[in-house]
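Colleague: For reference, this is data.txt, and it has compact mmCIF, C-alpha atoms.
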# COMPACT_ATOMS: atom_id res chain seq x y z
CA MET M 1 146.54 122.46 136.13
CA THR M 2 148.68 123.40 139.08
CA VAL M 3 148.92 121.20 142.11
CA THR M 4 150.91 122.12 145.20
CA HIS M 5 152.55 119.80 147.70
CA GLU M 6 150.58 121.53 150.44
CA GLY M 7 147.33 120.73 148.68
CA THR M 8 148.33 117.10 148.32
CA ALA M 9 149.29 116.90 151.98
CA ASP M 10 145.99 118.32 153.13
CA ALA M 11 144.07 115.97 150.88
CA GLY M 12 146.11 113.03 152.18
CA TYR M 13 145.43 113.82 155.79
CA GLU M 14 141.80 114.59 155.10
CA ALA M 15 141.55 111.14 153.55
CA ALA M 16 143.30 109.71 156.61
CA THR M 17 140.91 111.33 159.05
CA ASP M 18 137.99 110.33 156.90
CA GLU M 19 139.31 106.78 156.97
CA ALA M 20 139.76 106.87 160.74
CA ARG M 21 136.21 108.08 161.14
CA HIS M 22 134.90 105.20 159.04
CA GLU M 23 137.05 102.59 160.77
CA HIS M 24 134.36 101.77 163.27
CA HIS M 25 135.15 98.17 164.05
CA PRO M 26 132.56 96.12 165.94
CA SER M 27 132.91 95.57 169.69
CA ASP M 28 133.74 92.16 171.18
CA ALA M 29 130.08 91.72 172.14
CA GLN M 30 129.07 92.28 168.52
CA TYR M 31 131.67 89.74 167.40
CA TRP M 32 130.15 87.18 169.78
CA LYS M 33 126.71 87.84 168.30
CA VAL M 34 128.03 87.45 164.77
CA GLY M 35 129.86 84.25 165.77
CA LEU M 36 126.69 82.88 167.34
CA ALA M 37 124.70 83.68 164.20
CA LEU M 38 127.32 81.93 162.05
CA GLY M 39 127.24 78.89 164.33
CA LEU M 40 123.46 78.75 164.08
CA ILE M 41 123.57 78.99 160.29
CA THR M 42 126.08 76.11 160.25
CA LEU M 43 123.71 74.07 162.43
CA LEU M 44 120.88 74.85 160.02
CA GLU M 45 123.03 73.78 157.08
CA VAL M 46 123.83 70.44 158.65
CA GLY M 47 120.19 70.09 159.74
CA THR M 48 119.05 70.73 156.16
CA TYR M 49 121.37 67.98 154.98
CA PHE M 50 119.93 65.51 157.47
CA ILE M 51 116.28 66.46 156.81
CA ALA M 52 116.68 64.44 153.66
CA ASP M 53 119.88 62.46 153.69
CA PRO M 54 121.15 63.17 151.06
CA PRO M 55 119.23 66.30 149.92
CA TYR M 56 119.73 65.75 146.19
CA ASP M 57 117.63 62.56 146.18
CA HIS M 58 114.67 64.14 147.98
CA GLU M 59 111.49 65.33 146.23
CA LEU M 60 112.22 68.82 147.62
CA ALA M 61 115.79 68.69 146.31
CA PRO M 62 115.71 72.08 144.50
CA LEU M 63 114.41 73.80 147.65
CA LEU M 64 116.88 72.09 149.97
CA ILE M 65 119.87 72.69 147.71
CA GLY M 66 118.73 76.28 147.17
CA SER M 67 118.59 76.76 150.96
CA LEU M 68 122.09 75.32 151.37
CA ILE M 69 123.47 77.65 148.72
CA PHE M 70 121.67 80.63 150.27
CA MET M 71 123.11 79.85 153.71
CA MET M 72 126.59 79.39 152.21
CA VAL M 73 126.42 82.81 150.53
CA LEU M 74 125.05 84.38 153.72
CA LYS M 75 127.94 83.01 155.80
CA PHE M 76 130.41 84.20 153.18
CA ILE M 77 128.98 87.73 153.26
CA VAL M 78 128.76 87.91 157.06
CA ILE M 79 132.37 86.77 157.56
CA GLY M 80 133.58 89.18 154.86
CA ALA M 81 131.56 92.11 156.19
CA TYR M 82 132.20 91.74 159.93
CA PHE M 83 135.28 89.59 160.54
CA MET M 84 137.21 90.97 157.55
CA HIS M 85 135.82 94.47 158.24
CA LEU M 86 134.75 95.03 154.63
CA LYS M 87 131.62 96.72 155.89
CA PHE M 88 133.66 99.27 157.80
CA ASP M 89 136.90 99.63 155.84
CA ASN M 90 137.65 101.77 152.83
CA ARG M 91 135.66 100.75 149.75
CA LEU M 92 138.81 100.22 147.73
CA PHE M 93 139.61 97.06 149.74
CA ARG M 94 136.14 95.69 149.08
CA ASN M 95 136.34 96.55 145.40
CA VAL M 96 139.71 94.84 144.98
CA PHE M 97 138.43 91.65 146.61
CA VAL M 98 135.06 91.67 144.86
CA ALA M 99 136.79 92.21 141.51
CA GLY M 100 138.80 89.00 142.01
CA LEU M 101 135.74 87.15 143.22
CA VAL M 102 133.53 88.26 140.32
CA LEU M 103 136.28 87.44 137.84
CA ALA M 104 136.68 83.96 139.34
CA VAL M 105 132.95 83.26 139.41
CA GLY M 106 132.52 84.55 135.83
CA VAL M 107 135.45 82.63 134.39
CA TYR M 108 134.57 79.34 136.04
CA LEU M 109 130.85 79.59 135.31
CA ALA M 110 131.91 79.98 131.67
CA VAL M 111 134.17 76.93 132.02
CA LEU M 112 131.35 74.84 133.53
CA THR M 113 128.98 76.00 130.79
CA SER M 114 131.48 75.15 128.06
CA PHE M 115 131.67 71.62 129.50
CA GLU M 116 127.84 71.48 129.38
CA TYR M 117 127.82 71.00 133.15
CA TRP M 118 124.23 72.26 133.44
CA SER M 119 122.76 70.08 130.72
CA ASP M 120 121.14 66.65 131.03
CA ARG M 121 123.70 65.33 128.57
CA TYR M 122 126.45 65.94 131.14
CA GLU M 123 124.48 63.93 133.70
CA ALA M 124 124.11 61.10 131.19
CA ASP M 125 127.86 61.09 130.62
CA THR M 126 128.73 60.70 134.27
CA GLY M 127 129.85 57.42 135.67
CA SER M 128 132.33 56.60 132.98
CA GLU M 129 135.82 57.98 132.60
CA ASP M 130 135.64 57.22 128.89
CA ALA M 131 132.40 59.10 128.25
CA VAL M 132 134.01 62.32 127.06
CA LEU M 133 136.59 60.55 124.95
CA VAL M 134 133.96 58.40 123.24
CA GLU M 135 131.79 61.41 122.54
CA ASP M 136 134.75 63.24 121.00
CA GLY M 137 135.52 60.22 118.86
CA SER M 138 139.01 59.99 120.35
CA MET A 1 154.79 123.41 140.82
CA THR A 2 153.63 121.31 137.91
CA ASP A 3 150.93 118.68 137.76
CA THR A 4 153.51 115.95 138.33
CA ALA A 5 153.24 116.68 142.02
CA PRO A 6 150.81 113.87 142.88
CA ALA A 7 153.17 111.25 141.43
CA GLN A 8 156.03 112.67 143.46
CA ALA A 9 153.83 112.68 146.51
CA ALA A 10 153.14 109.00 146.09
CA ASP A 11 156.80 108.16 145.76
CA THR A 12 158.06 110.31 148.60
CA PRO A 13 155.30 110.26 151.16
CA THR A 14 157.15 111.88 154.03
CA GLU A 15 158.24 114.90 152.04
CA ALA A 16 154.93 115.26 150.33
CA THR A 17 152.70 115.00 153.36
CA GLY A 18 154.80 116.78 155.95
CA PRO A 19 153.78 116.90 159.60
CA ALA A 20 150.25 115.94 160.60
CA PRO A 21 147.79 118.80 160.97
CA ASP A 22 146.87 119.91 164.49
CA HIS A 23 143.48 118.24 164.44
CA LEU A 24 145.21 114.84 164.19
CA ASP A 25 147.28 115.35 167.34
CA GLY A 26 147.00 112.26 169.52
CA VAL A 27 145.62 110.07 166.72
CA ASP A 28 147.87 107.05 166.29
CA LEU A 29 147.70 106.78 162.52
CA GLU A 30 150.22 103.94 162.37
CA SER A 31 148.08 101.62 164.48
CA TRP A 32 145.23 102.12 162.04
CA GLY A 33 147.40 101.33 159.07
CA LEU A 34 147.32 104.93 157.93
CA GLY A 35 150.99 105.62 158.42
CA THR A 36 151.78 104.42 154.94
CA ASN A 37 150.62 107.43 153.03
CA ASN A 38 150.35 107.06 149.32
CA ALA A 39 148.07 108.29 146.62
CA THR A 40 145.07 106.61 148.25
CA GLY A 41 145.91 107.40 151.87
CA LEU A 42 145.62 103.67 152.61
CA SER A 43 148.07 101.09 153.84
CA ASN A 44 150.01 99.45 151.02
CA ASN A 45 150.45 96.26 153.03
CA LYS A 46 146.76 95.85 153.61
CA LEU A 47 145.93 96.64 150.01
CA GLY A 48 148.55 94.08 148.97
CA MET A 49 146.90 91.40 151.09
CA TRP A 50 143.49 92.19 149.59
CA LEU A 51 144.98 91.94 146.10
CA PHE A 52 146.47 88.57 146.99
CA LEU A 53 143.14 87.35 148.38
CA GLY A 54 141.33 88.56 145.26
CA SER A 55 143.75 86.59 143.10
CA ASP A 56 143.51 83.55 145.38
CA CYS A 57 139.78 83.45 144.52
CA LEU A 58 140.86 82.40 141.04
CA LEU A 59 142.98 79.54 142.38
CA PHE A 60 140.16 78.13 144.47
CA GLY A 61 137.64 78.85 141.70
CA ALA A 62 139.72 76.63 139.40
CA LEU A 63 139.95 73.84 141.97
CA ILE A 64 136.25 73.95 142.85
CA SER A 65 135.07 73.98 139.24
CA THR A 66 137.46 71.13 138.39
CA TYR A 67 136.02 69.16 141.30
CA LEU A 68 132.46 69.84 140.08
CA LEU A 69 133.36 68.60 136.61
CA MET A 70 135.19 65.51 137.81
CA ARG A 71 133.28 64.32 140.87
CA HIS A 72 131.05 61.89 138.98
CA ARG A 73 133.46 61.11 136.18
CA GLY A 74 135.02 57.87 137.05
CA THR A 75 134.25 54.45 138.28
CA GLY A 76 134.56 52.99 141.73
CA ILE A 77 134.53 54.91 144.95
CA GLY A 78 132.52 58.16 145.03
CA PRO A 79 131.63 60.98 147.44
CA GLU A 80 128.60 59.18 148.88
CA ASP A 81 130.79 56.18 149.80
CA VAL A 82 133.33 58.01 151.95
CA PHE A 83 132.04 61.30 153.33
CA ASP A 84 131.34 61.49 157.06
CA ILE A 85 129.13 64.58 157.35
CA PRO A 86 128.90 64.75 161.19
CA PHE A 87 132.69 64.62 161.46
CA THR A 88 133.23 67.27 158.77
CA SER A 89 130.51 69.46 160.34
CA VAL A 90 132.48 69.53 163.60
CA SER A 91 135.67 70.39 161.68
CA SER A 92 133.84 73.23 159.92
CA PHE A 93 132.55 74.54 163.22
CA VAL A 94 136.07 74.44 164.68
CA LEU A 95 137.42 76.50 161.76
CA LEU A 96 134.54 78.96 162.10
CA MET A 97 135.34 79.41 165.79
CA SER A 98 138.98 80.01 164.91
CA SER A 99 137.81 83.02 162.88
CA MET A 100 136.06 84.26 166.01
CA SER A 101 139.21 83.95 168.10
CA MET A 102 141.18 85.72 165.37
CA VAL A 103 138.97 88.81 165.55
CA PHE A 104 139.53 88.88 169.31
CA ALA A 105 143.29 88.75 168.70
CA VAL A 106 142.99 91.75 166.37
CA SER A 107 140.87 93.73 168.81
CA SER A 108 143.23 92.81 171.69
CA ILE A 109 146.27 94.30 169.98
CA ALA A 110 144.26 97.37 168.94
CA ARG A 111 143.61 97.92 172.67
CA GLY A 112 147.26 97.22 173.49
CA ASP A 113 146.43 94.12 175.53
CA ASP A 114 149.45 91.90 174.80
CA GLN A 115 148.44 89.03 177.08
CA LYS A 116 145.02 88.66 175.49
CA LEU A 117 146.62 88.94 172.07
CA ARG A 118 148.89 85.99 172.81
CA LEU A 119 146.01 84.01 174.28
CA TRP A 120 143.79 84.49 171.24
CA LEU A 121 146.64 83.85 168.80
CA LEU A 122 147.32 80.58 170.61
CA VAL A 123 143.62 79.63 170.63
CA THR A 124 143.35 80.39 166.90
CA SER A 125 146.44 78.29 166.15
CA LEU A 126 145.13 75.40 168.23
CA LEU A 127 141.75 75.49 166.53
CA GLY A 128 143.48 75.62 163.14
CA GLY A 129 145.68 72.71 164.21
CA THR A 130 142.59 70.76 165.26
CA PHE A 131 141.08 71.35 161.82
CA ILE A 132 144.26 70.11 160.12
CA ALA A 133 144.39 67.07 162.41
CA GLY A 134 140.80 66.32 161.40
CA GLN A 135 141.73 66.60 157.74
CA VAL A 136 144.69 64.25 158.17
CA TYR A 137 142.39 61.76 159.94
CA GLU A 138 139.82 62.11 157.15
CA PHE A 139 142.38 61.60 154.39
CA THR A 140 143.83 58.59 156.21
CA SER A 141 140.43 56.96 156.65
CA PHE A 142 139.55 57.61 152.99
CA TYR A 143 142.82 56.03 151.93
CA ARG A 144 142.09 52.99 154.07
CA GLU A 145 138.72 52.69 152.36
CA GLY A 146 140.53 52.44 149.05
CA MET A 147 140.45 56.05 147.89
CA GLY A 148 143.98 57.03 146.92
CA TYR A 149 145.03 60.20 145.12
CA THR A 150 145.01 58.48 141.71
CA THR A 151 142.13 56.07 142.30
CA ASN A 152 139.81 58.00 140.00
CA LEU A 153 139.04 61.54 138.80
CA PHE A 154 136.86 62.26 141.82
CA SER A 155 139.57 61.34 144.30
CA SER A 156 142.24 63.38 142.48
CA ALA A 157 139.98 66.45 142.30
CA PHE A 158 138.87 66.05 145.92
CA TYR A 159 142.36 65.65 147.38
CA SER A 160 143.70 68.53 145.25
CA LEU A 161 140.97 70.92 146.39
CA THR A 162 140.89 70.06 150.08
CA GLY A 163 144.67 69.54 150.15
CA PHE A 164 145.32 73.04 148.78
CA HIS A 165 142.97 74.43 151.39
CA GLY A 166 144.79 72.45 154.08
CA VAL A 167 148.10 73.94 152.91
CA HIS A 168 146.58 77.42 153.22
CA VAL A 169 145.46 76.66 156.78
CA SER A 170 148.93 75.31 157.63
CA VAL A 171 150.60 78.46 156.28
CA GLY A 172 148.14 80.48 158.36
CA ILE A 173 149.12 78.55 161.50
CA ILE A 174 152.80 79.28 160.80
CA MET A 175 151.99 83.00 160.48
CA LEU A 176 149.97 82.94 163.71
CA MET A 177 152.76 81.21 165.61
CA SER A 178 155.25 83.72 164.20
CA LEU A 179 153.08 86.54 165.57
CA PHE A 180 152.89 84.71 168.90
CA VAL A 181 156.69 84.49 169.11
CA LEU A 182 157.08 88.14 168.04
CA SER A 183 154.68 89.20 170.76
CA LEU A 184 156.43 87.01 173.34
CA THR A 185 159.75 88.64 172.52
CA GLY A 186 158.26 92.12 172.73
CA ARG A 187 158.49 92.87 169.02
CA LEU A 188 154.75 93.04 168.39
CA LYS A 189 153.25 96.03 170.09
CA GLN A 190 150.14 98.12 169.57
CA ASP A 191 151.85 100.20 166.88
CA ARG A 192 151.99 97.08 164.70
CA ALA A 193 148.33 96.19 165.05
CA GLU A 194 147.96 96.23 161.30
CA THR A 195 150.29 93.23 160.98
CA VAL A 196 147.91 91.14 163.06
CA GLU A 197 144.96 92.48 161.10
CA ILE A 198 146.57 91.47 157.80
CA VAL A 199 147.27 87.94 159.03
CA GLY A 200 143.66 87.94 160.27
CA LEU A 201 142.42 88.78 156.77
CA TYR A 202 144.29 85.76 155.41
CA TRP A 203 142.88 83.55 158.15
CA HIS A 204 139.28 84.68 157.53
CA PHE A 205 139.74 84.10 153.82
CA VAL A 206 140.78 80.52 154.52
CA ASP A 207 137.62 80.22 156.58
CA ILE A 208 135.28 81.57 153.89
CA VAL A 209 136.84 79.26 151.32
CA TRP A 210 136.01 76.36 153.63
CA VAL A 211 132.43 77.68 153.92
CA LEU A 212 132.18 77.19 150.14
CA ILE A 213 133.93 73.82 150.12
CA PHE A 214 131.83 72.45 152.97
CA THR A 215 128.57 73.20 151.15
CA ILE A 216 129.60 72.48 147.56
CA VAL A 217 131.71 69.39 148.18
CA TYR A 218 130.20 67.79 151.28
CA LEU A 219 126.59 68.90 151.68
CA ILE A 220 125.63 68.86 147.99
CA PRO A 221 127.60 65.88 146.71
Write the structure described by the file as structure tokens, please.

Modeller:
Amino acid sequence: MTVTHEGTADAGYEAATDEARHEHHPSDAQYWKVGLALGLITLLEVGTYFIADPPYDHELAPLLIGSLIFMMVLKFIVIGAYFMHLKFDNRLFRNVFVAGLVLAVGVYLAVLTSFEYWSDRYEADTGSEDAVLVEDGS
Amino acid sequence: MTDTAPAQAADTPTEATGPAPDHLDGVDLESWGLGTNNATGLSNNKLGMWLFLGSDCLLFGALISTYLLMRHRGTGIGPEDVFDIPFTSVSSFVLLMSSMSMVFAVSSIARGDDQKLRLWLLVTSLLGGTFIAGQVYEFTSFYREGMGYTTNLFSSAFYSLTGFHGVHVSVGIIMLMSLFVLSLTGRLKQDRAETVEIVGLYWHFVDIVWVLIFTIVYLIP
């Protein structure tokens, strides 16, 4: 294969113009709208907490906690997409960040699972610092 | 020319790329972070910040999962005894608004409006400072209620997680104030808009980490 410097240069500047075309950052008015939406979601989060204070003791606990997690993820995505420009920037930036995020979530979900965090047995162990040691026979 | 040319192009961008084609006349590539030509055509600095933020996810992932594992392991004082949700909600809102002011700082320098840039940098720093002041107040009141760093596993995990986040916010404030001083002394002009954008990325990351902490630690204790 033969590659010339001229070819590389053209490709580089084509990529640059392509990038510039895609760098359509939101206007200040759009930022205000996004900020307002984020503020409202935060209000909803706090409101959800106070509907049943605390939510985990309420009969609708799974629904309330599910709503809180949904709103948390929504805020995360909106800030990443608009304020951090991931929606508008080159995909490589998004991929680099998402790779770290997915790795972190995967690794630590595995850690929590290995500690039986999701099981009833873990719940039964809580409340005593010695619980794990006793169970291990240490 | 052999097929080693792309590698050479990446190492010696100026030689490899040469002058900009005519259709890019008048486009300020530097202000868009495109001046740093490499194999991807993207800014190395910005890519470096994204790599750092991706790796920082692992740090906070470790701290959050440790907190989840430890929060009910231990006797004595627990989350339900100390948390003040209305107070922390206000702190969270303040940090969220600081992200707003940061995007205005970035768009101000992109327009070349130095005065607005300085104003928004100052507002962002003040909001960040308010958040930190709230955290110091919260830690102090927890300590007075008998929750020290080594009181139990919950307290150690809680202070480690929120303390590390607080350190990140503090570092962000230092970076913002540095930008403010650079702008004041005329060393931060429109052609260095990417610098502000990169600091902005860090600041927004600190904000999204708090979005997670606020829900996982405070709202679902």

Colleague: Calculated over all atoms listed in the file, which of the candidates A:Ser65, A:Ser156, A:Asn45, A:Thr88 has the smallest distance to chain M?

Modeller: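 With all atoms listed in the file as the atom set, the closest residue is A:Ser65.
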
Colleague: Give as a PDB file with C-alpha atoms, in the frame of the given file each residue that has an atom at most 10 Å from (140.2, 57.4, 141.4) in the file, counting all atoms listed in the file.

Modeller:
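The resulting file, selection.pdb, is reproduced below:
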ATOM      1  CA  GLU M 129     135.820  57.980 132.600  1.00  0.00           C
TER       2      GLU M 129
ATOM      3  CA  ARG A  71     133.280  64.320 140.870  1.00  0.00           C
ATOM      4  CA  ARG A  73     133.460  61.110 136.180  1.00  0.00           C
ATOM      5  CA  GLY A  74     135.020  57.870 137.050  1.00  0.00           C
ATOM      6  CA  THR A  75     134.250  54.450 138.280  1.00  0.00           C
ATOM      7  CA  GLY A  76     134.560  52.990 141.730  1.00  0.00           C
ATOM      8  CA  ILE A  77     134.530  54.910 144.950  1.00  0.00           C
ATOM      9  CA  GLY A  78     132.520  58.160 145.030  1.00  0.00           C
ATOM     10  CA  GLY A 146     140.530  52.440 149.050  1.00  0.00           C
ATOM     11  CA  MET A 147     140.450  56.050 147.890  1.00  0.00           C
ATOM     12  CA  GLY A 148     143.980  57.030 146.920  1.00  0.00           C
ATOM     13  CA  TYR A 149     145.030  60.200 145.120  1.00  0.00           C
ATOM     14  CA  THR A 150     145.010  58.480 141.710  1.00  0.00           C
ATOM     15  CA  THR A 151     142.130  56.070 142.300  1.00  0.00           C
ATOM     16  CA  ASN A 152     139.810  58.000 140.000  1.00  0.00           C
ATOM     17  CA  LEU A 153     139.040  61.540 138.800  1.00  0.00           C
ATOM     18  CA  PHE A 154     136.860  62.260 141.820  1.00  0.00           C
ATOM     19  CA  SER A 155     139.570  61.340 144.300  1.00  0.00           C
ATOM     20  CA  SER A 156     142.240  63.380 142.480  1.00  0.00           C
ATOM     21  CA  ALA A 157     139.980  66.450 142.300  1.00  0.00           C
ATOM     22  CA  PHE A 158     138.870  66.050 145.920  1.00  0.00           C
TER      23      PHE A 158
END

Colleague: Looking at M:His58, M:Asp28, M:Thr113, M:Ala81, which one is nearest to chain A, with distances taken over all atoms listed in the file?

Modeller: M:Asp28

Colleague: Compare A:Leu179, A:Leu121, A:Leu69, A:Ile198 by their minimum atom-to-atom distance to Ser114 (chain M), counting all atoms listed in the file, and give me the closest one.

Modeller: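 The answer is A:Leu69, which sits nearest to Ser114 (chain M).
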
Colleague: Closest to Leu36 (chain M) among M:Tyr122, M:His85, M:Val78, M:Arg91, using all atoms listed in the file?

Modeller: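 Nearest to Leu36 (chain M): M:Val78.
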
Colleague: My list of candidates is M:Val111, M:Val105, M:His25, M:Ala61. Which is closest to Asp89 (chain M) when distances are computed with only C-alpha atoms?

Modeller: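 Distance minimum relative to Asp89 (chain M) lands on M:His25.
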
Colleague: In terms of the shortest atom-to-atom distance over only C-alpha atoms, which of A:Asn44, A:Ile85, A:Arg187, A:Leu51 is closest to Ile220 (chain A)?

Modeller: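 The answer is A:Ile85, which sits nearest to Ile220 (chain A).
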
Colleague: Separation of CA of Trp50 (chain A) and CA of Gly100 (chain M), in Å?

Modeller: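 Result for CA of Trp50 (chain A) versus CA of Gly100 (chain M): 9.5 Å, one decimal.
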
Colleague: Within 10 Å of Tyr31 (chain M), counting all atoms listed in the file, which residues qualify if same-chain residues fewer than 6 places away don't, as a list of chain:residue names?

Modeller: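 Surrounding residues, per the criterion: M:His25, M:Ala37, M:Tyr82, M:Phe83, A:Met100, A:Ser101, A:Val103, A:Phe104.
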
Colleague: So that I can see what lies close to Ile173 (chain A), please list as a PDB file with C-alpha atoms, keeping the file's coordinate frame the residues with an atom at most 9 Å from it, counting all atoms listed in the file and leaving out residues fewer than 6 positions away in the same chain.

Modeller:
ATOM      1  CA  THR A 124     143.350  80.390 166.900  1.00  0.00           C
ATOM      2  CA  SER A 125     146.440  78.290 166.150  1.00  0.00           C
ATOM      3  CA  LEU A 126     145.130  75.400 168.230  1.00  0.00           C
ATOM      4  CA  GLY A 128     143.480  75.620 163.140  1.00  0.00           C
ATOM      5  CA  GLY A 129     145.680  72.710 164.210  1.00  0.00           C
ATOM      6  CA  TRP A 203     142.880  83.550 158.150  1.00  0.00           C
TER       7      TRP A 203
END

Colleague: Please provide as a PyMOL selection string all residues within 12 Å of Phe76 (chain M), with the sequence filter that same-chain residues fewer than 2 positions apart are discarded (counting only C-alpha atoms).

Modeller: (chain M and resi 38+41-42+69-74+78-84+86+101) or (chain A and resi 96+204-215)

Colleague: Quick check, in Å to one decimal: how far apart do CA of Ile65 (chain M) and CA of Ile64 (chain A) lie?

Modeller: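 A separation of 17.1 Å between them.
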
Colleague: Which value, in Å to one decimal, gives the distance between CA of Val196 (chain A) and CA of Gln115 (chain A)?

Modeller: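 Taking CA of Val196 (chain A) as the start and CA of Gln115 (chain A) as the end point, the length is 14.2 Å.
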
Colleague: Could you put an axis-aligned box around every listed atom of region 135-153 of chain A, padded by 5 Å on each side, and send me its centre and edge lengths in Å to one decimal, as lines of an AutoDock Vina configuration file?

Modeller:
center_x = 141.9
center_y = 59.5
center_z = 149.4
size_x = 16.3
size_y = 24.2
size_z = 31.1

Colleague: Any idea what's packed within 9 Å of Thr48 (chain M), counting only C-alpha atoms, ignoring anything in its chain fewer than 2 positions away? Could you give it as a PyMOL selection string?

Modeller: (chain M and resi 43-46+50-53+55+64-65+67-68) or (chain A and resi 219)

Colleague: Could you pull the residues within 8 Å of Leu122 (chain A), counting only C-alpha atoms, minus those fewer than 3 positions along the same chain, as a ChimeraX atom specification?

Modeller: /A:118-119,125-126,176-177,180

Colleague: Output requested as a tab-separated table (two decimals), in the coordinates of the input - region 115-129 of chain A, filled out with N, CA, C and O atoms.

Modeller:
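Written file, part.tsv:
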chain	number	residue	atom	x	y	z
A	115	GLN	N	148.73	90.37	176.53
A	115	GLN	CA	148.44	89.03	177.08
A	115	GLN	C	147.26	88.38	176.37
A	115	GLN	O	147.29	87.21	175.98
A	116	LYS	N	146.20	89.17	176.19
A	116	LYS	CA	145.02	88.66	175.49
A	116	LYS	C	145.36	88.34	174.04
A	116	LYS	O	144.87	87.37	173.47
A	117	LEU	N	146.21	89.19	173.45
A	117	LEU	CA	146.62	88.94	172.07
A	117	LEU	C	147.25	87.56	171.95
A	117	LEU	O	146.88	86.76	171.09
A	118	ARG	N	148.19	87.28	172.85
A	118	ARG	CA	148.89	85.99	172.81
A	118	ARG	C	147.91	84.84	173.05
A	118	ARG	O	147.98	83.80	172.40
A	119	LEU	N	147.00	85.05	173.98
A	119	LEU	CA	146.01	84.01	174.28
A	119	LEU	C	145.18	83.69	173.04
A	119	LEU	O	145.04	82.52	172.64
A	120	TRP	N	144.66	84.73	172.39
A	120	TRP	CA	143.79	84.49	171.24
A	120	TRP	C	144.55	83.96	170.04
A	120	TRP	O	144.01	83.17	169.25
A	121	LEU	N	145.82	84.40	169.88
A	121	LEU	CA	146.64	83.85	168.80
A	121	LEU	C	146.85	82.35	169.01
A	121	LEU	O	146.76	81.55	168.07
A	122	LEU	N	147.10	81.99	170.28
A	122	LEU	CA	147.32	80.58	170.61
A	122	LEU	C	146.04	79.77	170.39
A	122	LEU	O	146.08	78.68	169.80
A	123	VAL	N	144.91	80.33	170.81
A	123	VAL	CA	143.62	79.63	170.63
A	123	VAL	C	143.35	79.44	169.14
A	123	VAL	O	142.96	78.34	168.70
A	124	THR	N	143.59	80.49	168.35
A	124	THR	CA	143.35	80.39	166.90
A	124	THR	C	144.24	79.31	166.28
A	124	THR	O	143.78	78.50	165.48
A	125	SER	N	145.51	79.31	166.69
A	125	SER	CA	146.44	78.29	166.15
A	125	SER	C	145.99	76.89	166.53
A	125	SER	O	146.02	75.97	165.70
A	126	LEU	N	145.56	76.73	167.78
A	126	LEU	CA	145.13	75.40	168.23
A	126	LEU	C	143.88	74.94	167.48
A	126	LEU	O	143.77	73.76	167.09
A	127	LEU	N	142.95	75.86	167.28
A	127	LEU	CA	141.75	75.49	166.53
A	127	LEU	C	142.11	75.14	165.08
A	127	LEU	O	141.58	74.18	164.51
A	128	GLY	N	143.01	75.92	164.50
A	128	GLY	CA	143.48	75.62	163.14
A	128	GLY	C	144.17	74.26	163.10
A	128	GLY	O	143.96	73.47	162.18
A	129	GLY	N	144.99	74.00	164.12
A	129	GLY	CA	145.68	72.71	164.21
A	129	GLY	C	144.69	71.56	164.35
A	129	GLY	O	144.89	70.48	163.77
